[in-house]
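A quick write-up on the structure given underneath.
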Amino acid sequence: MGEYTDNGLRIFYNTDDSFHYNMSTAHFHDEYEIYYLTKGSRHIYINDKIYPINSGSLALIDGENMHRAFSPNNGSYARFILCVKKQLLQNQAPSLVKPFKNGTVFSLNTQQQTRLNRLMNMIISDIESDMPMRRESIRAVASKLVIDVTRFSEEQSATINDCNDTVIKVIDFINSNYYQKLSLEYIASSCYISVSHLTRLFKAGTGYTVISYINNLRVKKASEMLKNTKLSISEIAEASGFESLSYFVKMFSKYFGMSPLKYRNIN
């Protein structure tokens, strides 16, 4: 697996399909993300929808929407991820932002895959080399890649539909009631399914356990309130659904790597 970071640009990749990894914690960030699956099959969860994707699928993601890619059967895969700081793209190329806003997932045709593979391989080759002007070359090719994938989104050869109405119904219920006391029994009853059916379907459909998803959502809502309101930390903990201040601080620190107070001070 390779990684590269440079002033508003982050790149992650693996070139063979022996890679196994499922993210277990909340995933949202202040970047626009391009996720390109080159080998294998995955599910990708974006903005309350779950999409089954295969080799040659592309996802354009607003990183501030909770999202996650996972393999329900822990299958192997290969992928290329390019993350661009939101402010950087908004300032330099605001016309390219639109397809990232709500999450766009689609399959590339053969010609599009060929073009994208060429740019991806050029970036990987530069990352793994020590050639002069390496940094400048990576940024130039990455810019071209961003432009091309936004063009691809307008050409969309095959849009991928979201799946599993029951999981979507559960997500909608949690999103509307995250600030309340939510037990598995209460959620299952409200969605007219059994607890065992709820836990199995939800994990298979989103890659999260129900409780993990609730905590992720509550932390995300809390982070928004910390940035956009003058509510106290304890008031935000209560408003976002946490039953105690100590548990809120623990969960927030787990996902953001800092306390709610520190997060507020730097945002």
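Ordered as shown in the structure tokens, chains take letters A, B, and onward, while each chain numbers its residues from 1 and ligands are numbered from 1 in the order shown.
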Using DSSP on the backbone, list every residue of segment 88-119 of chain A that comes out as alpha helix (DSSP H), and give them as a VMD selection string.
chain A and resid 88 to 92 110 to 119
Writer output for current selection, C-alpha atoms, as a PDB file, in the first residue's frame:
```pdb
ATOM      1  CA  LEU A  88      -7.996  24.378  -2.504  1.00  0.00           C
ATOM      2  CA  LEU A  89     -10.427  23.064  -5.123  1.00  0.00           C
ATOM      3  CA  GLN A  90     -13.069  25.696  -4.380  1.00  0.00           C
ATOM      4  CA  ASN A  91     -10.530  28.489  -4.824  1.00  0.00           C
ATOM      5  CA  GLN A  92      -8.714  27.157  -7.871  1.00  0.00           C
ATOM      6  CA  THR A 110     -13.532   1.028 -21.289  1.00  0.00           C
ATOM      7  CA  GLN A 111     -12.211   4.256 -22.790  1.00  0.00           C
ATOM      8  CA  GLN A 112     -12.665   6.159 -19.515  1.00  0.00           C
ATOM      9  CA  GLN A 113     -10.924   3.409 -17.544  1.00  0.00           C
ATOM     10  CA  THR A 114      -7.976   3.491 -19.958  1.00  0.00           C
ATOM     11  CA  ARG A 115      -7.598   7.261 -19.531  1.00  0.00           C
ATOM     12  CA  LEU A 116      -7.933   7.123 -15.759  1.00  0.00           C
ATOM     13  CA  ASN A 117      -5.546   4.165 -15.415  1.00  0.00           C
ATOM     14  CA  ARG A 118      -2.907   6.060 -17.395  1.00  0.00           C
ATOM     15  CA  LEU A 119      -3.115   9.110 -15.107  1.00  0.00           C
TER      16      LEU A 119
END
```
Residues near Leu217 of chain A, cut-off 8 Å, only C-alpha atoms, skip fewer than 2 positions along chain, as a list in words
Met66, Asn175, Tyr178, Tyr213, Ile214, Asn215, Val219, Lys220 and Lys221 of chain A
Output file for the selection above: C-alpha atoms, as a PDB file, in the first residue's frame:
```pdb
ATOM      1  CA  MET A  66     -20.142  10.385   6.430  1.00  0.00           C
ATOM      2  CA  ASN A 175     -30.950  10.223  11.242  1.00  0.00           C
ATOM      3  CA  TYR A 178     -30.300  10.435  16.741  1.00  0.00           C
ATOM      4  CA  TYR A 213     -23.285   4.218  13.176  1.00  0.00           C
ATOM      5  CA  ILE A 214     -25.275   6.078  15.839  1.00  0.00           C
ATOM      6  CA  ASN A 215     -22.085   7.183  17.596  1.00  0.00           C
ATOM      7  CA  VAL A 219     -20.166  12.873  16.803  1.00  0.00           C
ATOM      8  CA  LYS A 220     -20.602  14.410  13.342  1.00  0.00           C
ATOM      9  CA  LYS A 221     -23.653  16.405  14.494  1.00  0.00           C
TER      10      LYS A 221
END
```
Can you pull out the residues contacting Ser196 of chain A? Cut-off 10 Å, using only C-alpha atoms, and skip same-chain residues under 4 positions away; I want them as an mmCIF file with C-alpha atoms, in the first residue's frame.
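Below you can see selection_31.cif, which holds the result:
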```
data_model
loop_
_atom_site.group_PDB
_atom_site.id
_atom_site.type_symbol
_atom_site.label_atom_id
_atom_site.label_comp_id
_atom_site.auth_asym_id
_atom_site.auth_seq_id
_atom_site.Cartn_x
_atom_site.Cartn_y
_atom_site.Cartn_z
ATOM 1 C CA LEU A 184 -31.723 -1.779 19.203
ATOM 2 C CA GLU A 185 -35.155 -2.936 20.352
ATOM 3 C CA ALA A 188 -36.170 -2.589 15.263
ATOM 4 C CA ARG A 200 -27.459 -8.500 10.362
ATOM 5 C CA LEU A 201 -28.865 -6.363 7.541
ATOM 6 C CA PHE A 202 -27.356 -3.132 8.820
#
```
Where does DSSP see strand (DSSP E) in segment 56-240 of chain A, if you list the residues as a VMD selection string?
chain A and resid 57 to 62 67 to 70 77 to 85 104 to 107 158 to 159
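Distance annotation: of A:Ser41, A:Leu108, A:Asp126, A:Ser153, the residue with the minimal separation from Ala140 of chain A is A:Asp126; atom set is only C-alpha atoms.
In this structure, atom CA of Leu198 of chain A sits 18.1 Å away from atom CA of His43 of chain A.
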Using only C-alpha atoms, which residues sit within 8 Å of Leu37 of chain A once same-chain residues fewer than 3 positions away are excluded, as a ChimeraX atom specification?
/A:40-41,53-58,77-80
Check the smallest atom-to-atom distance from each of A:Arg135, A:Glu128, A:Lys85, A:Met120 to Asp148 of chain A using only C-alpha atoms, then report the winner.
A:Met120
